[in-house]
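As provided, query-v5.cif (mmCIF, C-alpha atoms) reads as follows.
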data_final
#
loop_
_atom_site.label_atom_id
_atom_site.label_comp_id
_atom_site.auth_asym_id
_atom_site.auth_seq_id
_atom_site.Cartn_x
_atom_site.Cartn_y
_atom_site.Cartn_z
CA MET A 197 236.16 51.58 72.34
CA PHE A 198 239.94 51.01 72.06
CA VAL A 199 241.86 52.49 74.99
CA PRO A 200 245.65 52.66 74.46
CA ILE A 201 248.17 52.17 77.23
CA GLY A 202 250.20 55.35 77.51
CA ASN A 203 249.79 58.70 75.84
CA THR A 204 250.14 57.64 72.21
CA CYS A 205 247.76 55.45 70.27
CA PRO A 206 249.55 52.67 68.35
CA SER A 207 249.08 52.44 64.60
CA PHE A 208 247.66 49.20 63.19
CA LYS A 209 247.69 50.28 59.56
CA GLU A 210 248.53 47.34 57.28
CA PHE A 211 248.68 44.99 60.30
CA THR A 212 247.27 41.48 60.51
CA LEU A 213 244.79 41.05 63.37
CA ILE A 214 244.41 37.65 65.04
CA MET A 215 241.51 37.38 67.45
CA TYR A 216 239.57 35.00 69.60
CA ILE A 217 236.05 35.88 70.74
CA ALA A 218 234.15 34.14 73.52
CA GLN A 219 230.52 33.15 73.32
CA CYS A 220 227.57 32.89 75.70
CA ARG A 221 225.38 29.82 75.51
CA PRO A 222 221.66 30.49 75.84
CA PHE A 223 220.00 29.36 79.06
CA GLN A 224 223.32 28.07 80.41
CA GLN A 225 226.26 29.30 82.41
CA PRO A 226 228.32 31.68 80.24
CA ALA A 227 231.16 29.82 78.54
CA VAL A 228 233.73 30.34 75.80
CA SER A 229 233.55 28.41 72.54
CA VAL A 230 234.17 24.68 72.50
CA GLY A 231 237.24 23.71 74.49
CA ASN A 232 238.63 27.28 74.64
CA VAL A 233 240.84 26.19 71.73
CA GLY A 234 241.10 29.59 70.03
CA GLN A 235 241.88 31.26 73.35
CA LEU A 236 244.61 28.74 74.17
CA ALA A 237 246.12 29.06 70.68
CA THR A 238 246.18 32.86 71.01
CA ASP A 239 247.83 32.46 74.43
CA LEU A 240 250.60 30.39 72.84
CA MET A 241 251.18 33.00 70.15
CA ILE A 242 251.25 35.99 72.53
CA SER A 243 253.52 34.20 75.00
CA THR A 244 255.95 32.78 72.42
CA LEU A 245 256.33 36.04 70.50
CA ASN A 246 256.44 38.03 73.75
CA MET A 247 253.89 40.46 72.36
CA PRO A 248 253.54 43.59 74.54
CA ARG A 249 250.12 44.78 75.59
CA VAL A 250 249.25 48.07 73.90
CA GLY A 251 245.67 48.65 75.02
CA TYR A 252 242.27 47.18 75.70
CA LEU A 253 238.70 47.35 74.46
CA HIS A 254 236.23 49.09 76.72
CA THR A 255 232.64 47.97 76.14
CA ASP A 256 229.55 47.03 78.11
CA CYS A 257 228.93 44.10 75.75
CA LEU A 258 231.33 41.85 77.69
CA ILE A 259 230.99 40.43 81.18
CA PRO A 260 233.42 42.52 83.31
CA MET A 261 236.57 40.80 84.52
CA VAL A 262 239.89 41.69 86.09
CA GLY A 263 242.79 39.41 86.97
CA SER A 264 246.55 39.13 87.22
CA ASN A 265 248.84 39.28 84.19
CA PRO A 266 248.59 35.85 82.53
CA TYR A 267 251.88 36.35 80.69
CA ALA A 268 253.98 37.51 83.64
CA ALA A 269 257.52 36.21 83.26
CA SER A 270 259.12 38.03 86.20
CA THR A 271 258.27 40.01 89.32
CA ASP A 272 258.55 43.21 87.26
CA ASN A 273 255.24 42.62 85.49
CA SER A 274 253.55 40.12 87.78
CA THR A 275 251.48 42.84 89.47
CA GLU A 276 249.97 44.08 86.20
CA LEU A 277 246.25 43.51 85.76
CA CYS A 278 244.43 42.15 82.76
CA THR A 279 240.85 42.88 81.73
CA ALA A 280 238.14 41.24 79.62
CA ALA A 281 239.48 42.27 76.20
CA GLU A 282 243.10 43.19 75.60
CA VAL A 283 245.14 44.08 72.54
CA TYR A 284 248.73 43.00 71.99
CA SER A 285 250.99 44.15 69.16
CA LEU A 286 254.31 43.35 67.52
CA PRO A 287 255.20 46.12 65.03
CA ASP A 288 258.17 44.22 63.59
CA LEU A 289 255.81 41.55 62.26
CA LYS A 290 252.93 43.98 61.67
CA LEU A 291 250.90 41.70 63.90
CA ALA A 292 248.20 42.44 66.48
CA ALA A 293 246.20 40.10 68.70
CA LEU A 294 242.85 40.62 70.38
CA GLN A 295 242.39 38.27 73.33
CA ILE A 296 238.87 38.27 74.78
CA ARG A 297 238.60 36.38 78.04
CA THR A 298 234.95 36.70 79.02
CA PRO A 299 231.69 35.87 77.23
CA ILE A 300 229.59 38.36 75.36
CA ILE A 301 226.35 39.35 77.06
CA GLN A 302 223.80 37.45 75.03
CA THR A 303 221.48 40.36 74.32
CA LYS A 304 224.41 42.42 73.01
CA GLN A 305 225.99 40.01 70.54
CA LYS A 306 224.86 41.95 67.47
CA GLN A 307 226.03 45.22 69.02
CA PHE A 308 229.41 43.71 69.83
CA ARG A 309 229.88 42.43 66.28
CA LYS A 310 229.24 45.96 65.02
CA LEU A 311 231.81 47.36 67.47
CA ILE A 312 234.46 44.86 66.36
CA ILE A 313 233.84 45.62 62.68
CA SER A 314 233.96 49.37 63.35
CA TRP A 315 237.29 48.99 65.17
CA ILE A 316 238.76 46.83 62.40
CA LYS A 317 237.79 49.44 59.81
CA SER A 318 239.02 52.45 61.77
CA SER A 319 242.33 50.77 62.67
CA GLY A 320 243.28 49.99 59.07
CA PHE A 321 244.01 46.27 59.45
CA THR A 322 244.94 44.67 56.13
CA ARG A 323 243.41 41.36 57.14
CA SER A 324 241.81 39.76 60.17
CA ILE A 325 241.89 36.14 61.32
CA LEU A 326 239.37 34.68 63.74
CA LEU A 327 240.39 31.52 65.64
CA SER A 328 237.45 29.36 66.60
CA SER A 329 236.18 25.83 67.24
CA SER A 330 233.08 23.75 66.66
CA HIS A 331 231.48 20.67 68.20
CA ALA A 332 233.12 17.52 66.87
CA TYR A 333 230.07 15.39 67.60
CA GLN A 334 227.94 17.43 65.20
CA ARG A 335 230.08 16.80 62.12
CA ASP A 336 228.47 15.16 59.13
CA ASP A 337 229.93 12.15 57.28
CA GLN A 338 232.17 14.11 54.94
CA GLN A 339 233.62 16.10 57.85
CA ILE A 340 234.37 13.02 59.95
CA HIS A 341 236.51 11.39 57.26
CA SER A 342 239.09 14.17 57.04
CA SER A 343 241.23 16.55 59.09
CA PRO A 344 239.38 18.44 61.87
CA LEU A 345 240.85 21.76 60.70
CA ARG A 346 238.82 24.07 58.48
CA TYR A 347 238.86 27.62 57.12
CA LEU A 348 236.44 30.23 55.77
CA LEU A 349 237.23 33.33 53.71
CA THR A 350 235.12 36.39 53.07
CA PRO A 351 235.01 37.51 49.42
CA ALA A 352 237.42 40.36 50.21
CA MET A 353 239.89 37.88 51.76
CA GLN A 354 239.67 35.41 48.87
CA HIS A 355 241.36 37.91 46.58
CA ILE A 356 244.30 38.12 49.01
CA VAL A 357 245.05 34.57 50.17
CA CYS A 358 242.86 32.06 48.34
CA ASP A 359 245.72 30.72 46.17
CA VAL A 360 248.06 30.47 49.16
CA LEU A 361 245.65 28.32 51.16
CA LYS A 362 244.99 26.10 48.16
CA GLU A 363 248.73 25.51 47.81
CA LEU A 364 248.79 24.53 51.49
CA GLU A 365 245.91 22.13 50.74
CA TRP A 366 243.77 23.58 53.49
CA LYS A 367 240.19 22.34 53.63
CA GLU A 368 237.36 24.84 53.42
CA MET A 369 234.44 24.56 55.83
CA GLU A 370 231.65 22.63 54.14
CA LYS A 371 228.04 23.69 54.05
CA VAL A 372 225.64 21.07 55.40
CA SER A 373 222.11 20.10 54.47
CA MET A 374 219.35 22.12 56.09
CA PHE A 375 217.18 19.00 56.14
CA PRO A 376 219.47 15.97 56.65
CA GLY A 377 218.06 12.72 55.37
CA ILE A 378 215.24 14.48 53.54
CA SER A 379 216.79 16.84 51.02
CA ASP A 380 220.35 17.93 50.20
CA THR A 381 219.38 20.72 47.82
CA GLU A 382 219.33 23.43 50.48
CA GLN A 383 222.71 23.99 52.17
CA ARG A 384 223.75 26.23 55.04
CA LEU A 385 226.88 27.24 56.91
CA TYR A 386 226.72 25.54 60.32
CA ILE A 387 229.25 26.14 63.12
CA PRO A 388 227.71 24.70 66.32
CA GLY A 389 229.57 25.78 69.44
CA GLY A 390 231.38 28.55 67.60
CA GLY A 391 229.68 31.46 69.37
CA ILE A 392 229.46 34.53 67.11
CA THR A 393 231.84 33.04 64.53
CA LYS A 394 229.16 32.63 61.86
CA GLY A 395 227.56 36.01 62.63
CA LEU A 396 230.86 37.90 62.49
CA TYR A 397 231.88 36.09 59.30
CA THR A 398 228.55 36.98 57.66
CA ASP A 399 228.79 40.61 58.78
CA CYS A 400 232.34 40.88 57.40
CA CYS A 401 231.12 39.46 54.07
CA HIS A 402 228.50 42.19 53.88
CA GLU A 403 230.95 44.91 54.96
CA ASP A 404 233.64 43.80 52.47
CA ILE A 405 236.18 43.14 55.23
CA PRO A 406 239.07 40.71 54.59
CA LEU A 407 238.47 38.03 57.24
CA ALA A 408 239.61 34.43 57.53
CA VAL A 409 238.11 32.02 60.04
CA VAL A 410 240.47 29.21 61.09
CA LEU A 411 238.76 26.61 63.24
CA THR A 412 238.95 23.05 64.45
CA PHE A 413 236.36 20.47 65.39
CA CYS A 414 236.87 19.35 68.99
CA SER A 415 235.19 18.18 72.18
CA GLU A 416 235.34 19.51 75.71
CA GLY A 417 238.16 18.00 77.79
CA ASP A 418 241.93 18.24 77.51
CA ASN A 419 242.12 20.69 74.63
CA ILE A 420 245.83 21.49 74.82
CA PRO A 421 246.59 19.23 71.80
CA ASP A 422 243.79 20.96 69.87
CA ALA A 423 245.35 24.36 70.64
CA PHE A 424 248.76 23.23 69.39
CA ALA A 425 247.19 21.78 66.25
CA LEU A 426 245.34 25.04 65.55
CA ILE A 427 248.34 27.34 66.11
CA ASN A 428 250.64 25.06 64.08
CA HIS A 429 248.08 25.09 61.28
CA LEU A 430 248.01 28.89 61.36
CA ASN A 431 251.82 28.98 61.46
CA ASP A 432 251.99 27.02 58.19
CA TRP A 433 250.34 30.05 56.60
CA LEU A 434 251.76 33.04 58.51
CA HIS A 435 255.20 31.67 59.50
CA LEU A 436 255.07 33.29 62.94
CA VAL A 437 257.86 31.09 64.29
CA ALA A 438 260.45 28.89 62.62
CA SER A 439 259.42 25.35 61.73
CA ASP A 440 260.56 22.64 64.11
CA LYS A 441 260.44 18.86 64.00
CA ASN A 442 258.90 18.93 67.45
CA GLU A 443 255.78 20.99 66.81
CA SER A 444 255.06 21.45 70.53
CA THR A 445 258.35 22.74 71.90
CA LYS A 446 258.56 25.68 69.48
CA TRP A 447 255.64 27.30 71.34
CA ARG A 448 255.99 28.65 74.88
CA ALA A 449 252.96 28.37 77.14
CA PRO A 450 252.14 31.32 79.46
CA CYS A 451 252.81 30.90 83.16
CA SER A 452 249.08 31.07 83.87
CA TRP A 453 248.70 27.61 82.32
CA ARG A 454 250.40 26.15 85.40
CA LEU A 455 247.42 27.29 87.47
CA LEU A 456 244.91 26.10 84.90
CA PHE A 457 246.38 22.71 84.04
CA GLY A 458 248.87 21.98 86.82
CA SER A 459 251.29 19.10 86.27
CA GLY A 460 249.59 18.18 82.98
CA ILE A 461 251.83 20.64 81.11
CA PRO A 462 255.35 19.43 80.24
CA PRO A 463 258.04 21.71 81.78
CA ALA A 464 259.63 22.15 78.35
CA LEU A 465 256.69 24.31 77.26
CA PHE A 466 257.50 27.12 79.73
#

Kindly transcribe the structure held in the file into structure tokens.
Amino acid sequence: MFVPIGNTCPSFKEFTLIMYIAQCRPFQQPAVSVGNVGQLATDLMISTLNMPRVGYLHTDCLIPMVGSNPYAASTDNSTELCTAAEVYSLPDLKLAALQIRTPIIQTKQKQFRKLIISWIKSSGFTRSILLSSSHAYQRDDQQIHSSPLRYLLTPAMQHIVCDVLKELEWKEMEKVSMFPGISDTEQRLYIPGGGITKGLYTDCCHEDIPLAVVLTFCSEGDNIPDAFALINHLNDWLHLVASDKNESTKWRAPCSWRLLFGSGIPPALF
């Protein structure tokens, strides 16, 4: 599944994996999760830390895609190609990133979740973090009257970071009533618009994998502020870059954002 670039396979033992996974909406045009927020946040991290690409995932569970290097900073690497699922790594920080750019084929979502879990296990990651988003308009009353940022931890992850996140005063994703307005006794985890977030989280709970889900409620539109909010929230925990009074300028946007968003991106972000 994982294909390294070059002759040697990189070691991910005791690394932290940060990933974003696209979704496919039933009966609609394939699309990534709400607002592409997790993808944009991962872009900011890879670009700012200048994380080199070390390989890619080869699977028939994703819609095939090829394009130009989204992180090209000079003519030396501008001709490189990117594919549907690529892996970036920074050994100094023991950090890896999985950036998935195309939706999962709907009939293969369960198979893809199994492949991801198998790769996480075989690679020896100490912990994994899934960046995601959920529809803001489907929040309940308690979710509306607080920050849009939420987290989830598998039992295996709670033993590692639960106290840290409590000290940061992060808010855990609430369970909602299965029958709103009728009965509140039965609760469920509900992440509308989050793609396979809930399924992967549930699988990792069963497989005893340390996984944290960090997500934000948002709506489709200009989601650049949501991406900055999500990556800054993650940075409060992992300290990927130094703190700055101006939370936006400490992150460097990839050059590909110029094509996506045009003049809407301040020059200081490049």

Pro450 of chain A proximity check over A:Gln305, A:Ser342, A:Thr238, A:Ser324, using all atoms listed in the file: winner is A:Thr238

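Atom CA of Lys306 of chain A to atom CA of Pro406 of chain A spans 19.2 Å [interatomic distance, one decimal].
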
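Residue nearest Ala293 of chain A, chosen from A:Phe375, A:Phe308, A:Phe208, A:Tyr347 and counting all atoms listed in the file: A:Phe208.
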
If you apply the PyMOL selection byres ((chain A and resi 431-439) around 10) to this file, what residues do you get, as a PyMOL selection string? chain A and resi 212+241+244-245+289+291+357+360-361+364+366+425-430+440-443+446-447

Find the axis-aligned box for segment 342-359 of chain A, covering all its listed atoms and adding 5 Å on each side, and write its centre and edge lengths in Å to one decimal as lines of an AutoDock Vina configuration file.
center_x = 240.4
center_y = 27.3
center_z = 54.0
size_x = 20.7
size_y = 36.2
size_z = 25.7

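Residue nearest Lys317 of chain A, chosen from A:Pro299, A:Pro421, A:Ile242, A:Cys400 and counting only C-alpha atoms: A:Cys400.
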
**Request:** Determine the residue set returned by the PyMOL selection byres ((chain A and resi 211) around 9) for the present structure, and present it as a PyMOL selection string.
**Result:** chain A and resi 207-210+212-213+287+289-292+319-324

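Considering the residues A:Ile312, A:Leu326, A:Val199, A:Val372 and counting all atoms listed in the file, Thr393 of chain A has its shortest atom-to-atom contact with A:Leu326.
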
Dig up all the protein and nucleic acid residues within 10 Å of (238.7, 23.3, 67.9) in the file frame, using all atoms listed in the file, and format them as a PyMOL selection string. chain A and resi 229-234+237+327-332+344-346+389-390+410-416+419+421-423+425-426

Please write the residues picked by the PyMOL selection byres ((chain A and resi 278) around 10) on this file as a PyMOL selection string. chain A and resi 249+252+261-267+275-277+279-282+297

For Thr398 of chain A, work out the shell of residues within 12 Å, counting all atoms listed in the file and skipping chain neighbours fewer than 4 positions away, then give it as a ChimeraX atom specification.
/A:306,309-310,313,348-351,385-386,392-394,402-409

Let's have the selection written as a PDB file, in the frame of the given file, with C-alpha atoms.
ATOM      1  CA  LYS A 306     224.860  41.950  67.470  1.00  0.00           C
ATOM      2  CA  ARG A 309     229.880  42.430  66.280  1.00  0.00           C
ATOM      3  CA  LYS A 310     229.240  45.960  65.020  1.00  0.00           C
ATOM      4  CA  ILE A 313     233.840  45.620  62.680  1.00  0.00           C
ATOM      5  CA  LEU A 348     236.440  30.230  55.770  1.00  0.00           C
ATOM      6  CA  LEU A 349     237.230  33.330  53.710  1.00  0.00           C
ATOM      7  CA  THR A 350     235.120  36.390  53.070  1.00  0.00           C
ATOM      8  CA  PRO A 351     235.010  37.510  49.420  1.00  0.00           C
ATOM      9  CA  LEU A 385     226.880  27.240  56.910  1.00  0.00           C
ATOM     10  CA  TYR A 386     226.720  25.540  60.320  1.00  0.00           C
ATOM     11  CA  ILE A 392     229.460  34.530  67.110  1.00  0.00           C
ATOM     12  CA  THR A 393     231.840  33.040  64.530  1.00  0.00           C
ATOM     13  CA  LYS A 394     229.160  32.630  61.860  1.00  0.00           C
ATOM     14  CA  HIS A 402     228.500  42.190  53.880  1.00  0.00           C
ATOM     15  CA  GLU A 403     230.950  44.910  54.960  1.00  0.00           C
ATOM     16  CA  ASP A 404     233.640  43.800  52.470  1.00  0.00           C
ATOM     17  CA  ILE A 405     236.180  43.140  55.230  1.00  0.00           C
ATOM     18  CA  PRO A 406     239.070  40.710  54.590  1.00  0.00           C
ATOM     19  CA  LEU A 407     238.470  38.030  57.240  1.00  0.00           C
ATOM     20  CA  ALA A 408     239.610  34.430  57.530  1.00  0.00           C
ATOM     21  CA  VAL A 409     238.110  32.020  60.040  1.00  0.00           C
TER      22      VAL A 409
END

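Take atom CA of Ile420 of chain A and atom CA of Gln295 of chain A: the distance between them is 17.2 Å.
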
What separates atom CA of Lys362 of chain A and atom CA of Tyr216 of chain A is a distance of 23.8 Å

Can you tell me which residues surround Gln307 of chain A at a distance of at most 12 Å, considering only C-alpha atoms, apart from same-chain residues fewer than 6 positions away, and format the answer as a PyMOL selection string? chain A and resi 255-258+300-301+313-314+392+395-396+399

From the list A:Ile214, A:Cys358, A:Met247, A:Thr303, the nearest residue to Ile316 of chain A using all atoms listed in the file is A:Ile214
